[in-house]
Amino acid sequence: MRRISATLLLCSTLALFACKKEHGSGMADPNAKGPIVIGEVGSMTGTEATFGTSSDRGIQLAISEINAAGGIKGRQIQIIALDDEGKPEEAATAATRLIASEHVIALLGEVASTRSLFMAPKAQDAKVPMISPSSTNEKVTLKGDYIFRACFIDPFQGYVMAKFATSNLKLKKVGILRDVRNDYSVGLARVFTDEFTKMGGEIVASESYSQGDVDFKAQLTNLKGAAPDAIFVPGYYTDVGLIARQARETGLTVPILGTDGWDSEKLYEIGGAALDGAYFSNHYSVDDPSPRIQEYVAKFKKAYGGQVPDSLSAQAYDAMGMLADAMKRAKDLTGPSIRDALAALKDFHGVTGDITMDANRNPVKPAVVLKIAPGGKYVFAAKIMPQGMADATTVPGAPVGDTGKTAPATGTTSGGSAQTAPDAATPPKK
Amino acid sequence: MRELLQHIINGVSQGAIYSLIALGYTMVYGVLKLINFAHGDVFMIGSMVGWYASARWTSEAQNPSIIGALGITALAMATCGLLGFVIERLAYRPLRKAPKINSLITAIGVSFFLEYGGQWLFGPNPRFFRVLPPHPAMTVAGLSIGYVDVVTIATSLLLMIVLQRIVFHSRMGTAMRAVSWNPDVAALMGINIDLVISFTFVLGSVLAGAAGILYASKYPSVHPLMGLMPGLKAFVAAVLGGIGNVPGAMLGGLLLGLAEQLVAGYGSSSWRDAVAFAILILILLVKPSGLLGRTTAEKV
């Protein structure tokens, strides 16, 4: 009996080692012929449900195209998507499960920075490359050299909104309402404060809330008391919708500024007319006449019964495209090879712009600012270039992207017209 | 000064909803000595029924009207009343003679059943609907008073007056108070105890249904776990005012709403929930019978 158990123990230990080795190389057998399995983690349900479902639609669209074109290295791609219900711990568990039991060779997700930060160590430890489509907090990719993203980062997004507030809206005094339980929101509020102050503006009040709160009247009353020209709310759509409504109820009528966490068709459903005239930075605009964007919008509408793609879907589509591109270039389908190919990604023609990875595995690309028009339509208000690139917001007609660092999306309107008409409210209508 | 007044208005409006929910806790406790932890979830069902009535079954949510709002409120109150009756009949009545702790644990079980049954049935995603027609905020002497706040406070006041009439000026109310005083003697006097207890549950649940609709019109995000926090806060409010005491629950709710708004306004919103529960601990340490409660020696 004892011998049997000892043998069993030995066997299981060996099996464990075998497993471990598999993970070390990121894949069981590089010569396998079956489908290439990729893991996806997203908030398919919960208060940020549209983040997960939109991203999933973008990824599915990308995969169906890649598979229809013959797959990668002759193999089809299969995706296993897990729901984390918007909970960071669940995101970490889902990542572990995908790596350990599904043996995925790469991970896509999460949208929210907080959840990506929980997932990243799991991917890094197992040497499985991970691409977050939309986590903009700069800490995400600093978790390790296997972590990538398909979007710009908060220091840039904060800069964009500060620049837009000072140059386009000519604002002097801004109040901030940030979500203290969210790395994304806290980071953005800090960068915005720095940049806005540097540009000569003043932060007249800074208030906070916690994700999931429903009452913001006290904070809004304090903000109103400071008489700002606008308030900056870098939060997620459910909270922002409620905040906007209560701001109007409190008699705070100034414009509300925000960031890409607002991007959801639910936003206007919650906030309604209280959001009219608000501005937020985003990754792309469906109104952008760029042929690449219009082609994507058409494809997405065709695939999903006329639904207009939000930027989260476009970025997830790009994330999958980047991964496919890297897998094609990689010498084999192991974690380290794919990682090296991703790190070397250059001028990838994504929907949201041309993507080149910088040293910290962050893409460098322009951002857009959208205005919410009555009725809930997002209209294009401005396009803002990364610092150091030709600054299209101040140099009309400058040849964009001539620094060679990144070529911005070709055809995304000439630099001249992209940099906001004097009245940002008259954008190219759809 | 203006901000202080504004915080007070916001606090009263929030407190009015806590009061409505707290009344359900306090009445059931008064009559049965049972803390019905499922009460917050009955409140959630009220909001959920409102969502179905206005956004799913009709298109009321797109174009809300006062008549429609009254209609969905009546429906939510009726549904919650029925639910309260069923919960008492199936979960609590069989345990009435059992030790108190059994009923308490059952109450927690019913609460989880409604929360996670709700997640299974309705899905965990928040839903949004408009109860009242949109209306700009009123400004009085520089203070902004939301239309929803006015409706909330007025409706709560009205319901509390009605409740006060029922409890203190009706035969059923007299019977409720008699059962609360001593159920055995009340039974000897010919009072139908089962009926009185059912009535108490129905009454409390009806108020929770109304509170659910008011809450949803103020904070239009309805999901199966939404009852948890307001339920706990209302419980704190009931204890603060003196559990078992009807005016105490109203007072406790208002004080709690005010305390939360002032803490969020002058301190930090992160402390808001901490303050509510700090109040609970403090009151249990200093004056366990609550602000308006009578001190009674526990009969052994």
# chains A, B, ... in the order shown; residues from 1 in each chain; ligands from 1
call {"tool": "select_by_dssp", "arguments": {"residues": "segment 186-299 of chain A", "states": "strand (DSSP E)", "output": "PyMOL selection string"}}
result
chain A and resi 202-209+230-232+256-258+279-282
call {"tool": "interface_residues", "arguments": {"of": "chain A", "to": "chain B", "cutoff": "10 Å", "atoms": "only C-alpha atoms", "output": "PyMOL selection string"}}
result
chain A and resi 44-50+85+179-181+207-210+212-225+238-239+241-243+245-246+248-252+266+269-273
call {"tool": "residues_around", "arguments": {"residues": "Val286 of chain B", "least_positions_apart": "6", "cutoff": "12 Å", "atoms": "only C-alpha atoms", "output": "list of chain:residue names"}}
result
B:Leu240, B:Ile279, B:Leu280
call {"tool": "closest_residue", "arguments": {"among": "B:Met1, B:Leu251, B:Ala22, B:Met27", "to": "Val196 of chain B", "atoms": "only C-alpha atoms"}}
result
B:Met27
call {"tool": "select_by_dssp", "arguments": {"residues": "segment 33-151 of chain B", "states": "helix (DSSP H, G or I)", "output": "ChimeraX atom specification"}}
result
/B:39-56,66-95,100-122,147-151
call {"tool": "residues_around", "arguments": {"residues": "Met160 of chain B", "least_positions_apart": "2", "cutoff": "9 Å", "atoms": "only C-alpha atoms", "output": "PyMOL selection string"}}
result
chain B and resi 19-20+23+155-158+162-165+246-247+250
call {"tool": "closest_residue", "arguments": {"among": "A:Tyr317, A:Phe196, A:Phe280, A:Tyr296", "to": "Ser264 of chain A", "atoms": "only C-alpha atoms"}}
result
A:Phe280
call {"tool": "residues_around", "arguments": {"residues": "Met357 of chain A", "least_positions_apart": "3", "cutoff": "12 Å", "atoms": "only C-alpha atoms", "output": "list in words"}}
result
Ile131, Thr141, Ile147, Phe148, Arg149, Ala150, Cys151, Phe152, Met322, Ala326, Arg339, Asp340, Ala341, Leu342, Ala343, Ala344, Leu345, Lys346, Asp347, Phe348, Asp354, Asn360, Arg361, Asn362, Pro363, Val364, Lys365, Lys405 and Thr406 of chain A
call {"tool": "closest_residue", "arguments": {"among": "A:Gly187, A:Pro133, A:Pro366, A:Gly335", "to": "Asn282 of chain A", "atoms": "only C-alpha atoms"}}
result
A:Pro366
call {"tool": "closest_residue", "arguments": {"among": "B:Asn36, B:Val86, B:Val167, B:Gly71", "to": "Leu104 of chain B", "atoms": "only C-alpha atoms"}}
result
B:Asn36
call {"tool": "atom_distance", "arguments": {"atom1": "atom CA of Ser205 of chain B", "atom2": "atom CA of Met189 of chain B"}}
result
27.2 Å
call {"tool": "residues_around", "arguments": {"residues": "Asp183 of chain A", "least_positions_apart": "5", "cutoff": "10 Å", "atoms": "only C-alpha atoms", "output": "PyMOL selection string"}}
result
chain A and resi 112-115+117+136-140+188-189
call {"tool": "write_last_selection", "arguments": {"atoms": "N, CA and C atoms", "output": "PDB file, in the first residue's frame"}}
result
ATOM      1  N   ALA A 112     -10.575  47.325 -17.661  1.00  0.00           N
ATOM      2  CA  ALA A 112     -10.322  48.185 -16.501  1.00  0.00           C
ATOM      3  C   ALA A 112      -8.895  48.001 -16.006  1.00  0.00           C
ATOM      4  N   SER A 113      -8.242  49.113 -15.690  1.00  0.00           N
ATOM      5  CA  SER A 113      -6.849  49.043 -15.252  1.00  0.00           C
ATOM      6  C   SER A 113      -6.697  48.231 -13.979  1.00  0.00           C
ATOM      7  N   THR A 114      -7.623  48.429 -13.025  1.00  0.00           N
ATOM      8  CA  THR A 114      -7.508  47.732 -11.755  1.00  0.00           C
ATOM      9  C   THR A 114      -7.497  46.218 -11.982  1.00  0.00           C
ATOM     10  N   ARG A 115      -8.354  45.765 -12.866  1.00  0.00           N
ATOM     11  CA  ARG A 115      -8.438  44.326 -13.102  1.00  0.00           C
ATOM     12  C   ARG A 115      -7.249  43.830 -13.916  1.00  0.00           C
ATOM     13  N   LEU A 117      -4.334  45.001 -13.652  1.00  0.00           N
ATOM     14  CA  LEU A 117      -3.239  44.946 -12.681  1.00  0.00           C
ATOM     15  C   LEU A 117      -3.293  43.653 -11.869  1.00  0.00           C
ATOM     16  N   THR A 136      -5.659  52.013 -19.451  1.00  0.00           N
ATOM     17  CA  THR A 136      -4.782  53.137 -19.752  1.00  0.00           C
ATOM     18  C   THR A 136      -3.859  53.520 -18.601  1.00  0.00           C
ATOM     19  N   ASN A 137      -4.040  52.899 -17.423  1.00  0.00           N
ATOM     20  CA  ASN A 137      -3.161  53.248 -16.298  1.00  0.00           C
ATOM     21  C   ASN A 137      -1.735  52.803 -16.608  1.00  0.00           C
ATOM     22  N   GLU A 138      -0.778  53.692 -16.418  1.00  0.00           N
ATOM     23  CA  GLU A 138       0.586  53.391 -16.854  1.00  0.00           C
ATOM     24  C   GLU A 138       1.208  52.208 -16.117  1.00  0.00           C
ATOM     25  N   LYS A 139       0.727  51.933 -14.885  1.00  0.00           N
ATOM     26  CA  LYS A 139       1.334  50.848 -14.102  1.00  0.00           C
ATOM     27  C   LYS A 139       1.126  49.472 -14.726  1.00  0.00           C
ATOM     28  N   VAL A 140       0.097  49.332 -15.562  1.00  0.00           N
ATOM     29  CA  VAL A 140      -0.261  47.997 -16.057  1.00  0.00           C
ATOM     30  C   VAL A 140       0.906  47.306 -16.746  1.00  0.00           C
ATOM     31  N   LEU A 188      -5.519  59.406 -13.505  1.00  0.00           N
ATOM     32  CA  LEU A 188      -5.912  60.454 -14.442  1.00  0.00           C
ATOM     33  C   LEU A 188      -6.094  61.795 -13.754  1.00  0.00           C
ATOM     34  N   ALA A 189      -6.698  61.764 -12.574  1.00  0.00           N
ATOM     35  CA  ALA A 189      -6.917  63.012 -11.845  1.00  0.00           C
ATOM     36  C   ALA A 189      -5.576  63.668 -11.529  1.00  0.00           C
TER      37      ALA A 189
END
call {"tool": "atom_distance", "arguments": {"atom1": "atom CA of Ala249 of chain B", "atom2": "atom CA of Pro288 of chain B"}}
result
14.2 Å
